[in-house]
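Colleague: Submitted below is the structure of interest, expressed as structure tokens.
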Amino acid sequence: MTITASMVKELRDMTGCGMMECKKALTETDGNIEKAIDYLRERGLAKAEKKAGRIAAEGLVAAYEHNDGTYVLAEINSETDFAAKSDVFQDFVKDILVHIATTKPASVEALLAEKCLNGDTDVNDYVKQTIAKLGENLTVRRFVIFNKPEAGAIESYIHAGGKIGVMIELNCDGDVTNEEFKHALKNLAMQVAASNPQFTDRSEISADFIAKEREIQRAAALAEGKPEKIVDKMVDGRIEKYMKEICLVDQAYIIDPDMSVKKYLESVAKAMGASVSIKRFARFERGEGIAKKEENFAEEVAKQIK
């Protein structure tokens, strides 16, 4: 059977594969489009498996608000920033965010095992198909889901084009359309992005966490040569300072460092005549905790020459 240019283009548009790969697939399947798709999918999946060991520490953090009020914050990684900016990657991210908001999976593993919303394949195979299109590895690393609150509101904030993403929920028994409250949502989302708190307040911190930090600070003080009799008092001061760094409500408010976040919230509540508090937040920074491979450009060129 003669393989025409229009057949190749149709298959290419349907699969996103290269022109020569599409022509070969059509040749191997005697021009049958459906069989050619299967052929490319199988070949693409094989490629994806080979790429799965590569480190994916780029990509982006993205947020999405579903039509039912569900909010999703997710980190999806690629190997390079170049791939992350491609239409293929951007479309993949949108699809994954919509899927998470719709089905609300309990974990990344559960997400990957689910059928795609169109029902053609499962999410894990969709990931592999996208890897084949990109020509490099990608991973859905993590996500968090916030459901629409009964009393309060949620705000998301994406910094530097997806380098950092934040989602925060405030409780409020007043009018959440109030401008003062909306400003507070945005300001506190930026606060979390900039100051990277670990906890909302001290009630979330376990006694074991504080005990371990106290041991660390005590050992550090003794190593500095501080007298034993004043070490415990010094440690108390250091622990207090540390709590103000890691607890959101205790942090200095970035717009007015003379007041704490707690004091800022109190001023918002007073202006509204309502109760306002932080319920929860999530902060993802792209690639944090991932060991990145150090590339030596000169060595890479030398390998290519050989």
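To be explicit about the labels: the chains of the structure tokens are called A, B, and onward in the order shown, and within each one the residues are counted from 1, while ligands get numbers from 1 in the order they are shown.
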Would you mind listing what lies within 10 Å of Val93 of chain A as a ChimeraX atom specification, with only C-alpha atoms counted and same-chain residues fewer than 5 positions away left out?

Modeller: /A:59-63,74-77,84,87-88,98-99,140

Colleague: How would the residues just chosen look if you wrote them out with N, CA, C and O atoms as a PDB file, in the first residue's frame?

Modeller:
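The resulting file, selection_13.pdb, is reproduced below:
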```pdb
ATOM      1  N   GLY A  59      10.993  21.441  35.587  1.00  0.00           N
ATOM      2  CA  GLY A  59       9.539  21.397  35.524  1.00  0.00           C
ATOM      3  C   GLY A  59       8.917  22.609  36.174  1.00  0.00           C
ATOM      4  O   GLY A  59       9.452  23.714  36.083  1.00  0.00           O
ATOM      5  N   LEU A  60       7.799  22.391  36.860  1.00  0.00           N
ATOM      6  CA  LEU A  60       7.146  23.535  37.500  1.00  0.00           C
ATOM      7  C   LEU A  60       6.187  23.088  38.600  1.00  0.00           C
ATOM      8  O   LEU A  60       5.789  21.931  38.670  1.00  0.00           O
ATOM      9  N   VAL A  61       5.849  24.062  39.432  1.00  0.00           N
ATOM     10  CA  VAL A  61       4.782  23.912  40.417  1.00  0.00           C
ATOM     11  C   VAL A  61       3.597  24.701  39.861  1.00  0.00           C
ATOM     12  O   VAL A  61       3.752  25.850  39.439  1.00  0.00           O
ATOM     13  N   ALA A  62       2.431  24.068  39.828  1.00  0.00           N
ATOM     14  CA  ALA A  62       1.256  24.707  39.239  1.00  0.00           C
ATOM     15  C   ALA A  62       0.050  24.562  40.145  1.00  0.00           C
ATOM     16  O   ALA A  62      -0.044  23.611  40.932  1.00  0.00           O
ATOM     17  N   ALA A  63      -0.872  25.509  40.022  1.00  0.00           N
ATOM     18  CA  ALA A  63      -2.101  25.489  40.826  1.00  0.00           C
ATOM     19  C   ALA A  63      -3.303  25.515  39.897  1.00  0.00           C
ATOM     20  O   ALA A  63      -3.238  26.014  38.772  1.00  0.00           O
ATOM     21  N   ALA A  74       0.360  21.216  42.595  1.00  0.00           N
ATOM     22  CA  ALA A  74       1.136  20.038  42.219  1.00  0.00           C
ATOM     23  C   ALA A  74       2.512  20.433  41.710  1.00  0.00           C
ATOM     24  O   ALA A  74       2.695  21.519  41.143  1.00  0.00           O
ATOM     25  N   GLU A  75       3.479  19.536  41.935  1.00  0.00           N
ATOM     26  CA  GLU A  75       4.803  19.679  41.343  1.00  0.00           C
ATOM     27  C   GLU A  75       4.980  18.573  40.322  1.00  0.00           C
ATOM     28  O   GLU A  75       4.849  17.387  40.645  1.00  0.00           O
ATOM     29  N   ILE A  76       5.261  18.971  39.084  1.00  0.00           N
ATOM     30  CA  ILE A  76       5.498  18.024  38.005  1.00  0.00           C
ATOM     31  C   ILE A  76       6.856  18.356  37.405  1.00  0.00           C
ATOM     32  O   ILE A  76       7.104  19.496  37.014  1.00  0.00           O
ATOM     33  N   ASN A  77       7.739  17.364  37.371  1.00  0.00           N
ATOM     34  CA  ASN A  77       9.129  17.605  37.005  1.00  0.00           C
ATOM     35  C   ASN A  77       9.491  17.082  35.622  1.00  0.00           C
ATOM     36  O   ASN A  77       8.965  16.071  35.172  1.00  0.00           O
ATOM     37  N   ALA A  84      10.097  21.865  29.931  1.00  0.00           N
ATOM     38  CA  ALA A  84       9.005  22.348  30.781  1.00  0.00           C
ATOM     39  C   ALA A  84       8.228  23.480  30.124  1.00  0.00           C
ATOM     40  O   ALA A  84       7.055  23.703  30.436  1.00  0.00           O
ATOM     41  N   ASP A  87       4.782  23.038  24.685  1.00  0.00           N
ATOM     42  CA  ASP A  87       3.329  22.857  24.701  1.00  0.00           C
ATOM     43  C   ASP A  87       2.953  21.460  25.186  1.00  0.00           C
ATOM     44  O   ASP A  87       1.939  21.287  25.873  1.00  0.00           O
ATOM     45  N   VAL A  88       3.769  20.468  24.821  1.00  0.00           N
ATOM     46  CA  VAL A  88       3.488  19.086  25.247  1.00  0.00           C
ATOM     47  C   VAL A  88       3.470  18.990  26.768  1.00  0.00           C
ATOM     48  O   VAL A  88       2.551  18.418  27.364  1.00  0.00           O
ATOM     49  N   VAL A  98      -6.412  18.834  36.219  1.00  0.00           N
ATOM     50  CA  VAL A  98      -7.857  18.630  36.087  1.00  0.00           C
ATOM     51  C   VAL A  98      -8.236  17.237  36.587  1.00  0.00           C
ATOM     52  O   VAL A  98      -9.244  17.068  37.286  1.00  0.00           O
ATOM     53  N   HIS A  99      -7.431  16.244  36.250  1.00  0.00           N
ATOM     54  CA  HIS A  99      -7.704  14.875  36.695  1.00  0.00           C
ATOM     55  C   HIS A  99      -7.686  14.785  38.218  1.00  0.00           C
ATOM     56  O   HIS A  99      -8.599  14.205  38.818  1.00  0.00           O
ATOM     57  N   VAL A 140       5.298  12.987  37.966  1.00  0.00           N
ATOM     58  CA  VAL A 140       4.337  13.686  38.819  1.00  0.00           C
ATOM     59  C   VAL A 140       4.831  13.434  40.228  1.00  0.00           C
ATOM     60  O   VAL A 140       4.689  12.333  40.769  1.00  0.00           O
TER      61      VAL A 140
END
```

Colleague: Please tabulate, as CSV, the residues of segment 87-175 of chain A that come within 9 Å of segment 183-187 of chain A, each with its closest pair of atoms and the distance in Å to one decimal, counting only C-alpha atoms and ordering rows by chain, then residue number upward.

Modeller:
```
residue,atom,partner,partner_atom,distance
A:Ala153,CA,A:Leu185,CA,8.0
A:Ile154,CA,A:Leu185,CA,7.4
A:Glu155,CA,A:Leu185,CA,6.0
A:Ser156,CA,A:Lys186,CA,7.9
A:Tyr157,CA,A:Lys186,CA,7.5
A:Ile168,CA,A:Leu185,CA,7.4
A:Glu169,CA,A:Leu185,CA,7.8
A:Leu170,CA,A:Leu185,CA,7.2
```

Colleague: Would you write out those residues with N, CA, C and O atoms, as a CSV table (one decimal), in the first residue's frame?

Modeller:
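The resulting file, part-v9.csv, is shown below:
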```
chain,number,residue,atom,x,y,z
A,153,ALA,N,-11.8,30.9,52.8
A,153,ALA,CA,-11.5,30.9,51.4
A,153,ALA,C,-10.1,30.4,51.2
A,153,ALA,O,-9.3,30.3,52.2
A,154,ILE,N,-9.8,30.1,50.0
A,154,ILE,CA,-8.5,29.5,49.6
A,154,ILE,C,-7.8,30.4,48.6
A,154,ILE,O,-8.5,31.0,47.7
A,155,GLU,N,-6.5,30.6,48.7
A,155,GLU,CA,-5.8,31.4,47.7
A,155,GLU,C,-4.5,30.6,47.3
A,155,GLU,O,-3.9,29.9,48.1
A,156,SER,N,-4.2,30.6,46.0
A,156,SER,CA,-3.0,30.0,45.5
A,156,SER,C,-2.1,31.1,44.9
A,156,SER,O,-2.6,32.2,44.4
A,157,TYR,N,-0.8,30.9,45.0
A,157,TYR,CA,0.2,31.8,44.5
A,157,TYR,C,1.3,31.1,43.8
A,157,TYR,O,1.9,30.2,44.4
A,168,ILE,N,-3.0,28.4,50.4
A,168,ILE,CA,-3.3,28.8,51.8
A,168,ILE,C,-4.8,28.9,52.0
A,168,ILE,O,-5.5,29.4,51.1
A,169,GLU,N,-5.3,28.4,53.2
A,169,GLU,CA,-6.7,28.5,53.5
A,169,GLU,C,-6.9,29.2,54.8
A,169,GLU,O,-6.2,28.9,55.8
A,170,LEU,N,-7.7,30.3,54.8
A,170,LEU,CA,-8.1,31.0,56.0
A,170,LEU,C,-9.5,30.7,56.4
A,170,LEU,O,-10.4,30.7,55.6
```

Colleague: I'd like the interatomic distance between atom CA of Asn32 of chain A and atom CA of Ile3 of chain A, to a tenth of an Å.

Modeller: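 If I compute the distance from atom CA of Asn32 of chain A to atom CA of Ile3 of chain A, I get 10.0 Å.
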
Colleague: Taking into account only C-alpha atoms, which residue in the set A:Gln198, A:Leu112, A:Ala274, A:Lys23 is nearest to Ser6 of chain A?

Modeller: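 Of the candidates, the smallest distance to Ser6 of chain A is held by A:Lys23.
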
Colleague: I need the residues in segment 184-236 of chain A that are alpha helix (DSSP H) according to DSSP; give them as a ChimeraX atom specification.

Modeller: /A:184-195,207-223,228-236

Colleague: Write out, as a compact mmCIF listing (two decimals), in the first residue's frame, the residues just selected, with N, CA and C atoms.

Modeller:
```txt
# COMPACT_ATOMS: atom_id res chain seq x y z
N ALA A 184 -5.58 39.95 52.62
CA ALA A 184 -4.90 39.09 53.59
C ALA A 184 -4.55 37.74 52.97
N LEU A 185 -5.47 37.17 52.19
CA LEU A 185 -5.21 35.91 51.52
C LEU A 185 -3.98 36.01 50.62
N LYS A 186 -3.95 37.03 49.78
CA LYS A 186 -2.84 37.20 48.84
C LYS A 186 -1.54 37.49 49.58
N ASN A 187 -1.61 38.36 50.57
CA ASN A 187 -0.40 38.73 51.30
C ASN A 187 0.21 37.54 52.06
N LEU A 188 -0.65 36.72 52.65
CA LEU A 188 -0.14 35.58 53.41
C LEU A 188 0.36 34.46 52.49
N ALA A 189 -0.22 34.34 51.30
CA ALA A 189 0.30 33.38 50.33
C ALA A 189 1.73 33.78 49.93
N MET A 190 1.94 35.08 49.73
CA MET A 190 3.29 35.56 49.40
C MET A 190 4.22 35.43 50.59
N GLN A 191 3.70 35.59 51.79
CA GLN A 191 4.48 35.41 53.02
C GLN A 191 5.03 33.99 53.08
N VAL A 192 4.18 33.01 52.82
CA VAL A 192 4.60 31.61 52.85
C VAL A 192 5.65 31.35 51.77
N ALA A 193 5.45 31.91 50.59
CA ALA A 193 6.42 31.72 49.50
C ALA A 193 7.78 32.29 49.87
N ALA A 194 7.78 33.46 50.48
CA ALA A 194 9.04 34.14 50.80
C ALA A 194 9.72 33.59 52.03
N SER A 195 8.95 33.25 53.07
CA SER A 195 9.54 32.91 54.37
C SER A 195 9.61 31.42 54.68
N ALA A 207 6.55 17.43 70.77
CA ALA A 207 7.54 17.55 71.84
C ALA A 207 8.88 16.94 71.42
N ASP A 208 8.82 15.87 70.63
CA ASP A 208 10.05 15.22 70.15
C ASP A 208 10.84 16.15 69.24
N PHE A 209 10.12 16.90 68.41
CA PHE A 209 10.78 17.84 67.50
C PHE A 209 11.54 18.91 68.29
N ILE A 210 10.88 19.45 69.31
CA ILE A 210 11.51 20.50 70.12
C ILE A 210 12.67 19.92 70.93
N ALA A 211 12.50 18.71 71.45
CA ALA A 211 13.57 18.08 72.24
C ALA A 211 14.82 17.85 71.37
N LYS A 212 14.61 17.41 70.15
CA LYS A 212 15.73 17.19 69.24
C LYS A 212 16.44 18.49 68.91
N GLU A 213 15.66 19.54 68.67
CA GLU A 213 16.25 20.85 68.36
C GLU A 213 17.01 21.39 69.57
N ARG A 214 16.48 21.14 70.76
CA ARG A 214 17.15 21.59 71.97
C ARG A 214 18.51 20.89 72.12
N GLU A 215 18.56 19.60 71.81
CA GLU A 215 19.82 18.86 71.86
C GLU A 215 20.84 19.45 70.88
N ILE A 216 20.35 19.76 69.68
CA ILE A 216 21.23 20.33 68.65
C ILE A 216 21.79 21.67 69.10
N GLN A 217 20.91 22.52 69.61
CA GLN A 217 21.34 23.86 70.04
C GLN A 217 22.25 23.79 71.27
N ARG A 218 22.01 22.85 72.15
CA ARG A 218 22.85 22.71 73.35
C ARG A 218 24.26 22.25 72.96
N ALA A 219 24.32 21.28 72.05
CA ALA A 219 25.61 20.79 71.58
C ALA A 219 26.38 21.89 70.86
N ALA A 220 25.67 22.72 70.10
CA ALA A 220 26.30 23.81 69.37
C ALA A 220 26.87 24.85 70.34
N ALA A 221 26.09 25.17 71.38
CA ALA A 221 26.54 26.16 72.36
C ALA A 221 27.78 25.67 73.11
N LEU A 222 27.80 24.39 73.49
CA LEU A 222 28.96 23.83 74.19
C LEU A 222 30.18 23.80 73.27
N ALA A 223 29.96 23.51 72.00
CA ALA A 223 31.06 23.48 71.03
C ALA A 223 31.65 24.86 70.83
N GLU A 228 28.92 26.01 80.90
CA GLU A 228 27.83 25.07 81.13
C GLU A 228 26.65 25.72 81.86
N LYS A 229 26.97 26.62 82.81
CA LYS A 229 25.92 27.20 83.64
C LYS A 229 24.98 28.14 82.89
N ILE A 230 25.41 28.65 81.73
CA ILE A 230 24.53 29.56 80.98
C ILE A 230 23.97 28.93 79.71
N VAL A 231 24.42 27.69 79.42
CA VAL A 231 24.02 27.05 78.16
C VAL A 231 22.51 26.88 78.06
N ASP A 232 21.88 26.37 79.13
CA ASP A 232 20.44 26.10 79.07
C ASP A 232 19.63 27.37 78.80
N LYS A 233 20.06 28.48 79.41
CA LYS A 233 19.36 29.75 79.18
C LYS A 233 19.56 30.22 77.74
N MET A 234 20.76 30.02 77.22
CA MET A 234 21.04 30.37 75.83
C MET A 234 20.18 29.54 74.88
N VAL A 235 20.07 28.26 75.20
CA VAL A 235 19.29 27.37 74.35
C VAL A 235 17.82 27.80 74.32
N ASP A 236 17.30 28.20 75.47
CA ASP A 236 15.91 28.70 75.52
C ASP A 236 15.72 29.85 74.54
```

Colleague: Identify, on the basis of only C-alpha atoms, every residue whose closest approach to Leu73 of chain A does not exceed 7 Å; exclude the query and any residue fewer than 6 positions from it along the same chain; express the result as a ChimeraX atom specification.

Modeller: /A:62-64,143-145,167

Colleague: Please produce a file of those selected residues containing all heavy atoms, as a short mmCIF file (atom, residue, chain, number, x, y, z; two decimals), in the first residue's frame.

Modeller:
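part.cif written:
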```
data_model
loop_
_atom_site.label_atom_id
_atom_site.label_comp_id
_atom_site.auth_asym_id
_atom_site.auth_seq_id
_atom_site.Cartn_x
_atom_site.Cartn_y
_atom_site.Cartn_z
N ALA A 62 2.43 24.07 39.83
CA ALA A 62 1.26 24.71 39.24
C ALA A 62 0.05 24.56 40.14
O ALA A 62 -0.04 23.61 40.93
CB ALA A 62 0.95 24.09 37.87
N ALA A 63 -0.87 25.51 40.02
CA ALA A 63 -2.10 25.49 40.83
C ALA A 63 -3.30 25.52 39.90
O ALA A 63 -3.24 26.01 38.77
CB ALA A 63 -2.14 26.68 41.76
N TYR A 64 -4.40 24.96 40.39
CA TYR A 64 -5.62 24.89 39.58
C TYR A 64 -6.84 24.95 40.49
O TYR A 64 -6.87 24.33 41.56
CB TYR A 64 -5.63 23.59 38.77
CG TYR A 64 -6.94 23.29 38.09
CD1 TYR A 64 -7.38 24.04 37.01
CD2 TYR A 64 -7.74 22.23 38.52
CE1 TYR A 64 -8.58 23.76 36.38
CE2 TYR A 64 -8.95 21.92 37.89
CZ TYR A 64 -9.36 22.70 36.82
OH TYR A 64 -10.55 22.41 36.20
N PHE A 143 1.35 16.28 45.09
CA PHE A 143 0.24 17.20 44.96
C PHE A 143 -0.51 17.29 46.29
O PHE A 143 -0.37 16.42 47.16
CB PHE A 143 -0.72 16.78 43.84
CG PHE A 143 -1.40 15.46 44.06
CD1 PHE A 143 -2.56 15.36 44.83
CD2 PHE A 143 -0.90 14.30 43.48
CE1 PHE A 143 -3.19 14.15 45.04
CE2 PHE A 143 -1.53 13.08 43.68
CZ PHE A 143 -2.68 13.01 44.46
N VAL A 144 -1.28 18.34 46.43
CA VAL A 144 -2.13 18.50 47.60
C VAL A 144 -3.47 19.04 47.12
O VAL A 144 -3.53 19.80 46.14
CB VAL A 144 -1.49 19.44 48.65
CG1 VAL A 144 -1.35 20.86 48.12
CG2 VAL A 144 -2.29 19.44 49.95
N ILE A 145 -4.54 18.60 47.78
CA ILE A 145 -5.89 19.01 47.41
C ILE A 145 -6.54 19.75 48.58
O ILE A 145 -6.54 19.24 49.71
CB ILE A 145 -6.76 17.79 47.05
CG1 ILE A 145 -6.12 17.00 45.89
CG2 ILE A 145 -8.18 18.22 46.69
CD1 ILE A 145 -6.77 15.65 45.67
N MET A 167 -0.38 27.33 48.48
CA MET A 167 -1.82 27.34 48.64
C MET A 167 -2.10 27.55 50.12
O MET A 167 -1.47 26.89 50.96
CB MET A 167 -2.42 26.03 48.15
CG MET A 167 -3.88 26.13 47.74
SD MET A 167 -4.31 24.91 46.47
CE MET A 167 -4.06 23.39 47.37
#
```

Colleague: By how many Å are atom CA of Arg202 of chain A and atom CA of Thr70 of chain A apart?

Modeller: 27.8 Å

Colleague: Quick one: residues within 12 Å of Ala110 of chain A, only C-alpha atoms, excluding same-chain residues fewer than 6 positions away - as a PDB file with N, CA, C and O atoms, in the first residue's frame?

Modeller:
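File written: around16.pdb
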```
ATOM      1  N   HIS A  99      -7.431  16.244  36.250  1.00  0.00           N
ATOM      2  CA  HIS A  99      -7.704  14.875  36.695  1.00  0.00           C
ATOM      3  C   HIS A  99      -7.686  14.785  38.218  1.00  0.00           C
ATOM      4  O   HIS A  99      -8.599  14.205  38.818  1.00  0.00           O
ATOM      5  N   ILE A 100      -6.670  15.362  38.846  1.00  0.00           N
ATOM      6  CA  ILE A 100      -6.565  15.316  40.309  1.00  0.00           C
ATOM      7  C   ILE A 100      -7.770  15.984  40.963  1.00  0.00           C
ATOM      8  O   ILE A 100      -8.355  15.462  41.921  1.00  0.00           O
ATOM      9  N   THR A 103     -10.986  13.540  40.328  1.00  0.00           N
ATOM     10  CA  THR A 103     -11.076  12.235  40.987  1.00  0.00           C
ATOM     11  C   THR A 103     -10.566  12.237  42.420  1.00  0.00           C
ATOM     12  O   THR A 103     -10.842  11.319  43.185  1.00  0.00           O
ATOM     13  N   LYS A 104      -9.798  13.251  42.783  1.00  0.00           N
ATOM     14  CA  LYS A 104      -9.250  13.396  44.140  1.00  0.00           C
ATOM     15  C   LYS A 104      -8.528  12.138  44.636  1.00  0.00           C
ATOM     16  O   LYS A 104      -8.902  11.558  45.676  1.00  0.00           O
ATOM     17  N   ASP A 122      -4.573   4.431  31.191  1.00  0.00           N
ATOM     18  CA  ASP A 122      -4.428   4.886  32.570  1.00  0.00           C
ATOM     19  C   ASP A 122      -3.402   6.011  32.633  1.00  0.00           C
ATOM     20  O   ASP A 122      -2.680   6.277  31.669  1.00  0.00           O
ATOM     21  N   VAL A 123      -3.346   6.689  33.773  1.00  0.00           N
ATOM     22  CA  VAL A 123      -2.497   7.864  33.903  1.00  0.00           C
ATOM     23  C   VAL A 123      -1.021   7.490  33.765  1.00  0.00           C
ATOM     24  O   VAL A 123      -0.236   8.231  33.170  1.00  0.00           O
ATOM     25  N   ASN A 124      -0.639   6.325  34.272  1.00  0.00           N
ATOM     26  CA  ASN A 124       0.756   5.902  34.179  1.00  0.00           C
ATOM     27  C   ASN A 124       1.198   5.772  32.725  1.00  0.00           C
ATOM     28  O   ASN A 124       2.293   6.206  32.351  1.00  0.00           O
ATOM     29  N   VAL A 140       5.298  12.987  37.966  1.00  0.00           N
ATOM     30  CA  VAL A 140       4.337  13.686  38.819  1.00  0.00           C
ATOM     31  C   VAL A 140       4.831  13.434  40.228  1.00  0.00           C
ATOM     32  O   VAL A 140       4.689  12.333  40.769  1.00  0.00           O
ATOM     33  N   ARG A 142       4.361  15.246  43.381  1.00  0.00           N
ATOM     34  CA  ARG A 142       3.527  15.402  44.582  1.00  0.00           C
ATOM     35  C   ARG A 142       2.384  16.357  44.276  1.00  0.00           C
ATOM     36  O   ARG A 142       2.442  17.158  43.338  1.00  0.00           O
ATOM     37  N   PHE A 143       1.355  16.280  45.090  1.00  0.00           N
ATOM     38  CA  PHE A 143       0.237  17.204  44.962  1.00  0.00           C
ATOM     39  C   PHE A 143      -0.507  17.286  46.287  1.00  0.00           C
ATOM     40  O   PHE A 143      -0.370  16.420  47.157  1.00  0.00           O
TER      41      PHE A 143
END
```
